[in-house]
Every structure is written in structure tokens, then in C-alpha cells.
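J.: I am sharing model.cif, which consists of mmCIF, C-alpha atoms:
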data_start
#
loop_
_atom_site.group_PDB
_atom_site.id
_atom_site.type_symbol
_atom_site.label_atom_id
_atom_site.label_comp_id
_atom_site.auth_asym_id
_atom_site.auth_seq_id
_atom_site.Cartn_x
_atom_site.Cartn_y
_atom_site.Cartn_z
ATOM 1 C CA MET V 1 2.532 -58.613 25.239
ATOM 2 C CA THR V 2 5.925 -57.231 24.283
ATOM 3 C CA ARG V 3 7.754 -57.897 21.042
ATOM 4 C CA ASN V 4 10.375 -60.637 21.027
ATOM 5 C CA ASN V 5 13.444 -58.550 20.286
ATOM 6 C CA LEU V 6 16.554 -60.679 19.732
ATOM 7 C CA ARG V 7 19.820 -58.815 19.416
ATOM 8 C CA GLY V 8 22.217 -59.966 16.724
ATOM 9 C CA THR V 9 25.474 -61.713 17.548
ATOM 10 C CA PRO V 10 28.055 -59.103 18.659
ATOM 11 C CA ARG V 11 30.765 -58.435 16.131
ATOM 12 C CA PRO V 12 34.408 -58.967 17.182
ATOM 13 C CA LYS V 13 36.121 -56.037 18.866
ATOM 14 C CA ASP V 14 39.737 -55.013 18.990
ATOM 15 C CA ALA V 15 41.384 -53.990 22.241
ATOM 16 C CA HIS V 16 39.738 -50.574 22.106
ATOM 17 C CA GLY V 17 36.345 -51.559 20.690
ATOM 18 C CA ILE V 18 37.042 -49.581 17.511
ATOM 19 C CA ILE V 19 36.891 -50.484 13.832
ATOM 20 C CA LYS V 20 38.660 -48.708 11.008
ATOM 21 C CA LYS V 21 37.045 -47.012 8.039
ATOM 22 C CA ASN V 22 38.468 -47.282 4.535
ATOM 23 C CA ASP V 23 39.969 -43.814 4.840
ATOM 24 C CA GLY V 24 41.935 -44.829 7.924
ATOM 25 C CA SER V 25 39.900 -42.937 10.513
ATOM 26 C CA SER V 26 38.108 -44.630 13.377
ATOM 27 C CA ARG V 27 34.439 -45.237 13.950
ATOM 28 C CA SER V 28 32.615 -46.709 16.899
ATOM 29 C CA LEU V 29 31.454 -50.303 16.448
ATOM 30 C CA LEU V 30 27.944 -49.013 17.125
ATOM 31 C CA ALA V 31 27.999 -46.968 13.916
ATOM 32 C CA LYS V 32 25.894 -49.886 12.658
ATOM 33 C CA ASP V 33 23.272 -51.837 14.549
ATOM 34 C CA LEU V 34 21.737 -55.258 13.962
ATOM 35 C CA THR V 35 18.380 -56.271 15.424
ATOM 36 C CA LYS V 36 16.218 -59.355 14.890
ATOM 37 C CA PHE V 37 12.416 -59.419 14.983
ATOM 38 C CA GLN V 38 9.900 -62.213 14.642
ATOM 39 C CA ILE V 39 6.828 -61.367 12.558
ATOM 40 C CA ARG V 40 3.631 -61.628 14.613
ATOM 41 C CA SER V 41 0.205 -62.705 13.404
ATOM 42 C CA TYR V 42 -1.260 -59.236 14.020
ATOM 43 C CA GLU V 43 1.391 -57.679 11.763
ATOM 44 C CA VAL V 44 0.300 -59.418 8.557
ATOM 45 C CA GLY V 45 -2.521 -58.527 6.193
ATOM 46 C CA SER V 46 -5.197 -60.469 4.361
ATOM 47 C CA ASP V 47 -2.610 -61.789 1.882
ATOM 48 C CA GLN V 48 -0.651 -63.289 4.809
ATOM 49 C CA ALA V 49 2.352 -61.034 4.221
ATOM 50 C CA VAL V 50 3.608 -58.415 6.656
ATOM 51 C CA THR V 51 2.125 -54.972 6.005
ATOM 52 C CA ILE V 52 4.235 -52.105 4.707
ATOM 53 C CA GLU V 53 3.218 -50.051 7.767
ATOM 54 C CA THR V 54 4.659 -52.733 10.065
ATOM 55 C CA LEU V 55 7.938 -52.712 8.184
ATOM 56 C CA MET V 56 8.134 -48.925 8.411
ATOM 57 C CA ASN V 57 7.420 -49.022 12.157
ATOM 58 C CA LEU V 58 10.227 -51.542 12.626
ATOM 59 C CA LEU V 59 12.632 -49.327 10.690
ATOM 60 C CA GLN V 60 11.677 -46.370 12.869
ATOM 61 C CA GLU V 61 12.131 -48.418 16.030
ATOM 62 C CA THR V 62 15.601 -49.644 15.096
ATOM 63 C CA SER V 63 16.715 -46.153 14.067
ATOM 64 C CA ILE V 64 15.782 -44.658 17.443
ATOM 65 C CA ASN V 65 17.269 -47.602 19.329
ATOM 66 C CA HIS V 66 20.472 -47.068 17.374
ATOM 67 C CA LEU V 67 20.748 -43.511 18.719
ATOM 68 C CA LYS V 68 20.224 -44.835 22.229
ATOM 69 C CA ALA V 69 22.863 -47.520 21.723
ATOM 70 C CA ILE V 70 25.571 -45.095 20.600
ATOM 71 C CA GLY V 71 24.920 -42.966 23.675
ATOM 72 C CA VAL V 72 23.769 -39.678 22.124
ATOM 73 C CA TRP V 73 20.059 -40.134 22.865
ATOM 74 C CA SER V 74 18.779 -37.875 25.625
ATOM 75 C CA ASP V 75 15.006 -37.593 25.486
ATOM 76 C CA GLY V 76 11.979 -37.689 23.229
ATOM 77 C CA PHE V 77 12.014 -39.153 19.734
ATOM 78 C CA GLY V 78 15.725 -39.891 19.302
ATOM 79 C CA LEU V 79 16.872 -36.439 20.428
ATOM 80 C CA THR V 80 20.477 -35.745 21.370
ATOM 81 C CA ARG V 81 21.446 -33.688 24.394
ATOM 82 C CA GLU V 82 22.273 -30.613 22.322
ATOM 83 C CA MET V 83 19.006 -30.914 20.433
ATOM 84 C CA CYS V 84 17.130 -30.847 23.727
ATOM 85 C CA LYS V 85 19.044 -27.729 24.799
ATOM 86 C CA LYS V 86 18.181 -25.976 21.527
ATOM 87 C CA ASN V 87 14.573 -27.199 21.447
ATOM 88 C CA LEU V 88 15.085 -29.098 18.185
ATOM 89 C CA ILE V 89 13.341 -32.245 16.966
ATOM 90 C CA TRP V 90 13.843 -34.588 14.018
ATOM 91 C CA VAL V 91 11.415 -34.520 11.099
ATOM 92 C CA VAL V 92 11.383 -36.716 8.014
ATOM 93 C CA SER V 93 12.046 -34.892 4.759
ATOM 94 C CA LYS V 94 12.171 -37.808 2.339
ATOM 95 C CA LEU V 95 11.711 -41.568 2.536
ATOM 96 C CA GLN V 96 12.313 -44.223 -0.088
ATOM 97 C CA VAL V 97 11.767 -47.956 0.202
ATOM 98 C CA ALA V 98 12.292 -50.903 -2.155
ATOM 99 C CA VAL V 99 10.831 -54.300 -1.235
ATOM 100 C CA ASP V 100 12.097 -57.430 -2.987
ATOM 101 C CA ARG V 101 10.045 -59.871 -0.931
ATOM 102 C CA TYR V 102 7.605 -59.530 1.954
ATOM 103 C CA PRO V 103 8.186 -61.752 4.996
ATOM 104 C CA ILE V 104 5.232 -63.695 6.361
ATOM 105 C CA TRP V 105 3.937 -64.647 9.784
ATOM 106 C CA ASP V 106 6.557 -66.258 12.063
ATOM 107 C CA ASP V 107 9.481 -65.321 9.810
ATOM 108 C CA VAL V 108 12.509 -63.934 11.632
ATOM 109 C CA ILE V 109 14.042 -60.887 9.987
ATOM 110 C CA GLN V 110 17.260 -59.028 10.693
ATOM 111 C CA ILE V 111 17.416 -55.244 10.370
ATOM 112 C CA ASP V 112 20.737 -53.534 9.790
ATOM 113 C CA THR V 113 20.713 -49.756 10.311
ATOM 114 C CA TRP V 114 23.335 -47.037 10.058
ATOM 115 C CA LYS V 115 23.480 -43.291 9.571
ATOM 116 C CA GLY V 116 25.456 -41.012 7.328
ATOM 117 C CA ALA V 117 25.867 -37.278 6.890
ATOM 118 C CA TYR V 118 23.631 -35.696 4.256
ATOM 119 C CA GLY V 119 25.215 -32.455 3.171
ATOM 120 C CA LYS V 120 24.859 -29.572 5.605
ATOM 121 C CA ILE V 121 21.165 -29.975 6.301
ATOM 122 C CA GLY V 122 20.727 -33.301 8.025
ATOM 123 C CA ILE V 123 21.502 -36.990 8.219
ATOM 124 C CA CYS V 124 20.514 -40.035 6.204
ATOM 125 C CA SER V 125 19.197 -43.105 8.003
ATOM 126 C CA ASN V 126 19.746 -46.319 6.077
ATOM 127 C CA TRP V 127 18.357 -49.822 6.530
ATOM 128 C CA THR V 128 18.440 -53.267 5.048
ATOM 129 C CA ILE V 129 16.089 -56.064 6.088
ATOM 130 C CA CYS V 130 17.139 -59.624 5.387
ATOM 131 C CA ASP V 131 15.884 -63.118 6.122
ATOM 132 C CA ALA V 132 17.658 -64.079 9.352
ATOM 133 C CA LYS V 133 18.003 -67.699 8.229
ATOM 134 C CA THR V 134 19.162 -67.309 4.640
ATOM 135 C CA GLY V 135 20.601 -63.793 4.569
ATOM 136 C CA GLU V 136 18.432 -62.899 1.561
ATOM 137 C CA ILE V 137 17.923 -59.139 1.374
ATOM 138 C CA LEU V 138 14.206 -58.410 1.495
ATOM 139 C CA LEU V 139 14.122 -54.610 1.718
ATOM 140 C CA THR V 140 16.353 -51.562 1.428
ATOM 141 C CA ALA V 141 15.358 -48.108 2.633
ATOM 142 C CA SER V 142 16.769 -44.664 3.280
ATOM 143 C CA CYS V 143 15.371 -41.599 4.979
ATOM 144 C CA ILE V 144 16.513 -37.979 5.108
ATOM 145 C CA LEU V 145 16.091 -36.405 8.551
ATOM 146 C CA VAL V 146 16.235 -32.655 9.120
ATOM 147 C CA MET V 147 15.649 -30.519 12.199
ATOM 148 C CA MET V 148 12.707 -28.388 13.236
ATOM 149 C CA ASN V 149 12.313 -25.980 16.127
ATOM 150 C CA GLU V 150 9.669 -27.459 18.392
ATOM 151 C CA GLU V 151 8.243 -24.070 19.382
ATOM 152 C CA THR V 152 8.270 -22.172 16.071
ATOM 153 C CA ARG V 153 7.628 -25.350 14.000
ATOM 154 C CA LYS V 154 10.113 -24.032 11.424
ATOM 155 C CA LEU V 155 13.031 -25.931 9.928
ATOM 156 C CA SER V 156 16.405 -25.230 11.491
ATOM 157 C CA LYS V 157 19.988 -25.379 10.309
ATOM 158 C CA PHE V 158 22.067 -28.309 11.551
ATOM 159 C CA PRO V 159 23.943 -26.848 14.554
ATOM 160 C CA ASP V 160 27.653 -27.621 14.839
ATOM 161 C CA GLU V 161 27.120 -28.766 18.430
ATOM 162 C CA VAL V 162 24.692 -31.465 17.297
ATOM 163 C CA ARG V 163 26.910 -32.473 14.405
ATOM 164 C CA SER V 164 29.839 -32.962 16.778
ATOM 165 C CA GLU V 165 27.700 -35.311 18.891
ATOM 166 C CA LEU V 166 26.891 -37.483 15.887
ATOM 167 C CA ASP V 167 29.977 -37.171 13.699
ATOM 168 C CA GLU V 168 31.950 -40.139 15.011
ATOM 169 C CA HIS V 169 28.906 -42.371 14.539
ATOM 170 C CA LEU V 170 28.177 -41.373 10.932
ATOM 171 C CA THR V 171 29.489 -43.581 8.143
ATOM 172 C CA ASN V 172 30.596 -42.595 4.669
ATOM 173 C CA VAL V 173 28.250 -45.117 3.063
ATOM 174 C CA ILE V 174 24.631 -44.125 2.452
ATOM 175 C CA LEU V 175 22.071 -45.665 0.142
ATOM 176 C CA PRO V 176 21.419 -43.547 -2.981
ATOM 177 C CA VAL V 177 18.631 -40.990 -2.667
ATOM 178 C CA VAL V 178 16.716 -40.717 -5.936
ATOM 179 C CA ALA V 179 15.636 -37.244 -7.040
ATOM 180 C CA ARG V 180 12.294 -37.201 -8.857
ATOM 181 C CA LYS V 181 10.092 -34.455 -10.203
ATOM 182 C CA TRP V 182 6.479 -34.712 -9.162
ATOM 183 C CA SER V 183 3.541 -33.747 -11.331
ATOM 184 C CA PRO V 184 0.118 -35.371 -11.525
ATOM 185 C CA ARG V 185 -0.049 -34.430 -15.195
ATOM 186 C CA ASP V 186 2.225 -35.805 -17.875
ATOM 187 C CA GLU V 187 2.033 -37.632 -21.185
ATOM 188 C CA MET V 188 0.601 -40.824 -19.695
ATOM 189 C CA SER V 189 -3.082 -41.412 -19.161
ATOM 190 C CA ILE V 190 -4.143 -40.676 -15.603
ATOM 191 C CA VAL V 191 -7.121 -41.442 -13.419
ATOM 192 C CA ASP V 192 -7.406 -39.587 -10.123
ATOM 193 C CA HIS V 193 -8.765 -41.674 -7.226
ATOM 194 C CA VAL V 194 -9.729 -39.614 -4.172
ATOM 195 C CA ARG V 195 -10.484 -40.443 -0.556
ATOM 196 C CA ASN V 196 -11.971 -37.519 1.370
ATOM 197 C CA GLY V 197 -12.434 -36.825 5.045
ATOM 198 C CA ILE V 198 -9.431 -38.588 6.542
ATOM 199 C CA MET V 199 -9.084 -37.389 10.139
ATOM 200 C CA PRO V 200 -6.119 -38.151 12.405
ATOM 201 C CA ARG V 201 -6.818 -40.018 15.612
ATOM 202 C CA TRP V 202 -5.200 -39.238 18.944
ATOM 203 C CA SER V 203 -3.204 -42.470 18.632
ATOM 204 C CA ASP V 204 -1.744 -41.244 15.316
ATOM 205 C CA LEU V 205 0.324 -38.565 17.087
ATOM 206 C CA ASP V 206 3.917 -39.259 18.061
ATOM 207 C CA MET V 207 6.047 -37.755 20.823
ATOM 208 C CA ASN V 208 6.649 -34.655 18.682
ATOM 209 C CA GLN V 209 2.898 -33.860 18.808
ATOM 210 C CA HIS V 210 2.260 -34.310 15.103
ATOM 211 C CA VAL V 211 1.039 -37.226 13.016
ATOM 212 C CA ASN V 212 3.703 -39.905 12.767
ATOM 213 C CA ASN V 213 5.129 -40.185 9.254
ATOM 214 C CA VAL V 214 4.271 -43.899 9.031
ATOM 215 C CA LYS V 215 0.560 -43.067 9.296
ATOM 216 C CA TYR V 216 0.785 -41.193 5.996
ATOM 217 C CA ILE V 217 1.480 -44.462 4.199
ATOM 218 C CA GLY V 218 -1.822 -45.870 5.421
ATOM 219 C CA TRP V 219 -3.581 -42.730 4.227
ATOM 220 C CA ILE V 220 -2.038 -43.157 0.777
ATOM 221 C CA LEU V 221 -3.379 -46.696 0.577
ATOM 222 C CA GLU V 222 -6.885 -45.383 1.341
ATOM 223 C CA SER V 223 -7.106 -43.946 -2.180
ATOM 224 C CA VAL V 224 -5.349 -46.742 -4.073
ATOM 225 C CA PRO V 225 -7.957 -48.597 -6.199
ATOM 226 C CA ARG V 226 -9.081 -51.912 -4.795
ATOM 227 C CA SER V 227 -8.164 -53.672 -8.048
ATOM 228 C CA ILE V 228 -4.532 -52.723 -7.420
ATOM 229 C CA VAL V 229 -4.493 -53.580 -3.709
ATOM 230 C CA GLU V 230 -6.065 -57.004 -4.306
ATOM 231 C CA ASN V 231 -3.880 -58.055 -7.237
ATOM 232 C CA TYR V 232 -0.616 -56.182 -6.756
ATOM 233 C CA GLU V 233 1.878 -55.574 -3.993
ATOM 234 C CA LEU V 234 3.938 -52.490 -3.269
ATOM 235 C CA ALA V 235 7.406 -52.867 -4.807
ATOM 236 C CA SER V 236 8.797 -49.402 -4.144
ATOM 237 C CA LEU V 237 7.713 -46.177 -2.514
ATOM 238 C CA THR V 238 9.185 -42.677 -2.464
ATOM 239 C CA LEU V 239 7.673 -40.000 -0.241
ATOM 240 C CA GLU V 240 8.410 -36.303 0.208
ATOM 241 C CA TYR V 241 6.995 -34.711 3.344
ATOM 242 C CA ARG V 242 5.941 -31.102 2.812
ATOM 243 C CA GLN V 243 4.427 -29.944 6.100
ATOM 244 C CA GLU V 244 3.125 -31.170 9.429
ATOM 245 C CA CYS V 245 -0.272 -32.691 9.954
ATOM 246 C CA LYS V 246 -1.983 -31.914 13.270
ATOM 247 C CA LEU V 247 -4.776 -33.597 15.160
ATOM 248 C CA GLU V 248 -7.421 -31.135 13.957
ATOM 249 C CA SER V 249 -6.494 -31.552 10.264
ATOM 250 C CA VAL V 250 -8.859 -33.073 7.693
ATOM 251 C CA VAL V 251 -6.934 -34.754 4.887
ATOM 252 C CA GLN V 252 -7.693 -35.643 1.285
ATOM 253 C CA SER V 253 -5.796 -38.534 -0.311
ATOM 254 C CA HIS V 254 -5.176 -38.656 -4.081
ATOM 255 C CA THR V 255 -3.790 -41.576 -6.074
ATOM 256 C CA TYR V 256 -3.041 -40.942 -9.746
ATOM 257 C CA VAL V 257 -2.811 -44.251 -11.634
ATOM 258 C CA MET V 258 -0.310 -43.943 -14.469
ATOM 259 C CA VAL V 259 -1.430 -46.546 -17.010
ATOM 260 C CA SER V 260 -2.855 -46.692 -20.509
ATOM 261 C CA ASN V 261 -6.444 -47.564 -21.443
ATOM 262 C CA ASN V 262 -7.839 -44.628 -19.503
ATOM 263 C CA GLY V 263 -6.382 -45.804 -16.248
ATOM 264 C CA LYS V 264 -7.930 -49.275 -16.222
ATOM 265 C CA ILE V 265 -5.871 -51.944 -14.503
ATOM 266 C CA GLY V 266 -5.224 -54.988 -16.639
ATOM 267 C CA ASP V 267 -2.512 -57.605 -16.936
ATOM 268 C CA TYR V 268 0.345 -55.184 -16.382
ATOM 269 C CA ASP V 269 3.711 -56.315 -15.044
ATOM 270 C CA LEU V 270 4.057 -53.030 -13.168
ATOM 271 C CA VAL V 271 1.651 -50.269 -12.222
ATOM 272 C CA ASP V 272 2.971 -46.770 -11.525
ATOM 273 C CA CYS V 273 1.106 -44.407 -9.225
ATOM 274 C CA LYS V 274 1.611 -40.897 -7.957
ATOM 275 C CA HIS V 275 0.184 -39.732 -4.665
ATOM 276 C CA ALA V 276 -0.678 -36.542 -2.838
ATOM 277 C CA LEU V 277 -2.030 -35.811 0.637
ATOM 278 C CA GLN V 278 -3.676 -32.412 0.955
ATOM 279 C CA LEU V 279 -5.521 -30.488 3.612
ATOM 280 C CA GLU V 280 -9.201 -30.227 2.703
ATOM 281 C CA THR V 281 -9.297 -26.682 4.081
ATOM 282 C CA GLY V 282 -6.907 -24.435 2.192
ATOM 283 C CA GLY V 283 -5.557 -27.221 -0.002
ATOM 284 C CA GLY V 284 -2.066 -27.165 1.530
ATOM 285 C CA GLU V 285 0.072 -30.106 0.494
ATOM 286 C CA ILE V 286 1.205 -32.423 3.288
ATOM 287 C CA MET V 287 2.994 -35.051 1.252
ATOM 288 C CA ARG V 288 3.659 -36.169 -2.304
ATOM 289 C CA GLY V 289 4.894 -39.528 -3.468
ATOM 290 C CA TRP V 290 5.408 -42.208 -6.084
ATOM 291 C CA SER V 291 4.829 -45.942 -5.943
ATOM 292 C CA ILE V 292 5.421 -48.957 -8.165
ATOM 293 C CA TRP V 293 3.241 -52.039 -7.805
ATOM 294 C CA ARG V 294 3.933 -55.548 -9.102
ATOM 295 C CA PRO V 295 1.674 -58.627 -9.284
ATOM 296 C CA LYS V 296 1.532 -60.432 -5.952
ATOM 297 C CA GLN V 297 4.254 -63.042 -5.801
ATOM 298 C CA TYR V 298 2.264 -65.663 -3.929
ATOM 299 C CA GLY V 299 -1.319 -66.795 -3.604
ATOM 300 C CA ASN V 300 -1.776 -68.761 -0.407
ATOM 301 C CA ARG V 301 1.569 -67.992 1.220
ATOM 302 C CA LEU V 302 1.129 -70.211 4.269
ATOM 303 C CA GLY V 303 -0.292 -73.199 2.427
ATOM 304 C CA LEU V 304 -3.563 -73.032 4.364
ATOM 305 C CA GLU V 305 -6.813 -74.365 2.961
#
Give the structure from the file, written as C-alpha cells.
T.:
Amino acid sequence: MTRNNLRGTPRPKDAHGIIKKNDGSSRSLLAKDLTKFQIRSYEVGSDQAVTIETLMNLLQETSINHLKAIGVWSDGFGLTREMCKKNLIWVVSKLQVAVDRYPIWDDVIQIDTWKGAYGKIGICSNWTICDAKTGEILLTASCILVMMNEETRKLSKFPDEVRSELDEHLTNVILPVVARKWSPRDEMSIVDHVRNGIMPRWSDLDMNQHVNNVKYIGWILESVPRSIVENYELASLTLEYRQECKLESVVQSHTYVMVSNNGKIGDYDLVDCKHALQLETGGGEIMRGWSIWRPKQYGNRLGLE
């Protein structure tokens, strides 16, 4: 069964199909892209709300489709023609997400995505998800993408040839990227929750032959205490990706709960956590992150007995 993918209503065009930026220069109408999705029953969790992994997969899908729509996509995972020539691939450097409300089964959501330049090292993908009926913004997200050489697996500078392919499709508006310092030790009380022996499956690999970045979110949740998962929902998430994870890797997930009372979860309005994914052999860090959890907004969301 394929997803019901409903394209948004086309925006008006002028005689040349071009819109003007605030600075007077021109941008293609496809600098932004709108896509509608209907939430399926297999995309929601036990609390009847869509899972954070599903939302991240939808963001990834719309971002790649956007590159195809503007005509720079050539092959692979959203690669441009010049990237293919230079053997370059996209990798996620940083991701941040803020969720105001989770859609539920059968809701129709609209995803708006656009890209902007991010200094000299990469681009910033941006998204908003809103309720297609009311226009209420449900989620905002941004992601920093940089380039890696597919053969050497080392980060690469942003070639001018690739930049010229993308430049006319990049906007001047990007969502703010928050800089945070990460340390599992600070003045707050901390309890370290660990999940050992996480092993990637073959289906976890993407077209770039490494574990897809969305899978890391599921691995983070493996070490989040059950008392948090059952009573709270993820309000915001910031992730920094440090190195690749391959099929043969064995991963250790750490969640550091930042609360008082020796880390016990009580009637808190918000719960702060820090996260780390590490290789069990050698201890190399794959990812670090932060999350904020709030009490679940609804009990029985669908009104079922």
C-alpha cells in the first residue's frame, strides 16, 4: 500500500513563473514546497498520537522530494549532478525539532519545506508542519546538512559547482539554529539510564550505506525511563551527529535525566534530558543530544472506550 500523498494547491505564478524576494532578486517558485499527508494507523503509538520517528521520516521525504522538484536531483539520497561527479553525499550535522501538538490517526497535515544557505559549510533544511484544516502550526524543525566524500568517508568543503546548482533555490529565511554546550555533568542532579547492545539491522541502512539518522531517535528512546515515556511526551529535541554508524556497530544509549530528588520523576511540568549514543567497542561518540518532555496533553485522544 502506498501513502496517500496529496500535493498542496499551486500558488499563483506570474508570466515567468518567478517570485521576488524582499531584496529584489528572483527565486524560483519551487524554493518552497508544500505537501499533504494523511496519518495512517500504523504510524501512531500506544497513546494514539503519531510517533516522532514518523514525523522525522516525513520531513526527510519532503526534503528529498523538494530537491527533485526544483530539478537539481540526480541520483541517490537527494544528490545533485555535481555531487555525483565529485562522489559527495549529504550527511546530517545537526537537527532540532519543536512539537507543539502531535497529530493523531486520520489527521491530514501539511508540510512546508525550504532550504537556505548555512555559511560556507552547508545548507539548512527547514520545515513547518500544520493542521491542513485549521492551519495550526504543530511542529517546526531545522537541519544542517554538510557533505561527505563517499569513498574516504571524510567531510568535504562545499564546492562552488554544487553551490551554483542550489543557489537560486535557497532562501534568505532559515529557522534559528540553537547552539548548546553538551555535558552530562553539571550542577543539577543526574541519573544515567543505559541501554546496551543496540545493533543496527539491515533495514536501518539508507542509500548512503550507513544508519539513517532517524533511527538514532529510536535508539535514544530505548534508554529513556519508562516513567517518562508513559507520562510525558517529547516537546523538543536537539541532536548533534558526531560520526557514522555502520551495520557491524554495537551501540550504547545513555539518557541523563536532569531533575532534582536524585533523578526521580514526579509531578514536574517539564523534564530535561541529555542523551549520548556511543560505540560499545572503543567508546566513540556517535551522537549527543538534548530533549525536553512535557506531560501528555491528552488521555484517550480518539475517544475510544
J.: Need to verify the contact set: segment 232-244 of chain V, 6 Å, all atoms listed in the file, exclusion of same-chain residues closer than 5 positions in sequence. Can you return it as a PyMOL selection string?
T.: chain V and resi 93-99+286-296
J.: For the residues selected in the previous step, produce a file with C-alpha atoms as a PDB file, keeping the file's coordinate frame.
T.:
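For reference, result-v7.pdb as written:
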ATOM      1  CA  SER V  93      12.046 -34.892   4.759  1.00  0.00           C
ATOM      2  CA  LYS V  94      12.171 -37.808   2.339  1.00  0.00           C
ATOM      3  CA  LEU V  95      11.711 -41.568   2.536  1.00  0.00           C
ATOM      4  CA  GLN V  96      12.313 -44.223  -0.088  1.00  0.00           C
ATOM      5  CA  VAL V  97      11.767 -47.956   0.202  1.00  0.00           C
ATOM      6  CA  ALA V  98      12.292 -50.903  -2.155  1.00  0.00           C
ATOM      7  CA  VAL V  99      10.831 -54.300  -1.235  1.00  0.00           C
ATOM      8  CA  ILE V 286       1.205 -32.423   3.288  1.00  0.00           C
ATOM      9  CA  MET V 287       2.994 -35.051   1.252  1.00  0.00           C
ATOM     10  CA  ARG V 288       3.659 -36.169  -2.304  1.00  0.00           C
ATOM     11  CA  GLY V 289       4.894 -39.528  -3.468  1.00  0.00           C
ATOM     12  CA  TRP V 290       5.408 -42.208  -6.084  1.00  0.00           C
ATOM     13  CA  SER V 291       4.829 -45.942  -5.943  1.00  0.00           C
ATOM     14  CA  ILE V 292       5.421 -48.957  -8.165  1.00  0.00           C
ATOM     15  CA  TRP V 293       3.241 -52.039  -7.805  1.00  0.00           C
ATOM     16  CA  ARG V 294       3.933 -55.548  -9.102  1.00  0.00           C
ATOM     17  CA  PRO V 295       1.674 -58.627  -9.284  1.00  0.00           C
ATOM     18  CA  LYS V 296       1.532 -60.432  -5.952  1.00  0.00           C
TER      19      LYS V 296
END
J.: Run the PyMOL selection byres ((chain V and resi 254) around 7) on the file and write out the hits as a list in words.
T.: Asp192, His193, Val194, Arg195, Ser223, Gln252, Ser253, Thr255, Tyr256, His275, Ala276 and Leu277 of chain V
J.: Which neighbours of Leu138 of chain V fall inside 6 Å, counting all atoms listed in the file, when residues of the same chain fewer than 2 positions from it are skipped, and could you give them as a VMD selection string?
T.: chain V and resid 99 to 101 129 to 130
J.: Please expand the PyMOL selection byres ((chain V and resi 53) around 10) into the concrete residues it hits in this file, giving the result as a ChimeraX atom specification.
T.: /V:43-44,50-52,54-59,214-218
J.: Using the chain letters and residue numbers of this document, give as a list in words the residues selected by the PyMOL selection byres ((chain V and resi 248) around 10).
T.: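 Output of the PyMOL selection byres ((chain V and resi 248) around 10): Met199, Pro200, Arg201, Trp202, Cys245, Lys246, Leu247, Ser249, Val250 and Val251 of chain V.
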J.: For Asp160 of chain V, which residue among V:Leu221, V:Leu139, V:Leu279, V:Met83 is the nearest when counting only C-alpha atoms?
T.: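 Of all the options, V:Met83 lies closest to Asp160 of chain V.
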J.: Between V:Glu280, V:Glu285, V:Glu82, V:Asp131, which residue has the minimum interatomic distance to Leu166 of chain V, considering only C-alpha atoms?
T.: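 Checking each of V:Glu280, V:Glu285, V:Glu82, V:Asp131 against Leu166 of chain V, counting only C-alpha atoms, the winner is V:Glu82.
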J.: Quick one: of V:Thr35, V:Asn196, V:Asn208, V:Ser203, who's nearest to Glu222 of chain V, counting all atoms listed in the file?
T.: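 Answer, going by the shortest atom-to-atom distance: V:Asn196.
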J.: Just the number, please: distance in Å from atom CA of Trp105 of chain V to atom CA of Gln60 of chain V, one decimal.
T.: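 According to the coordinates, atom CA of Trp105 of chain V and atom CA of Gln60 of chain V are separated by 20.1 Å.
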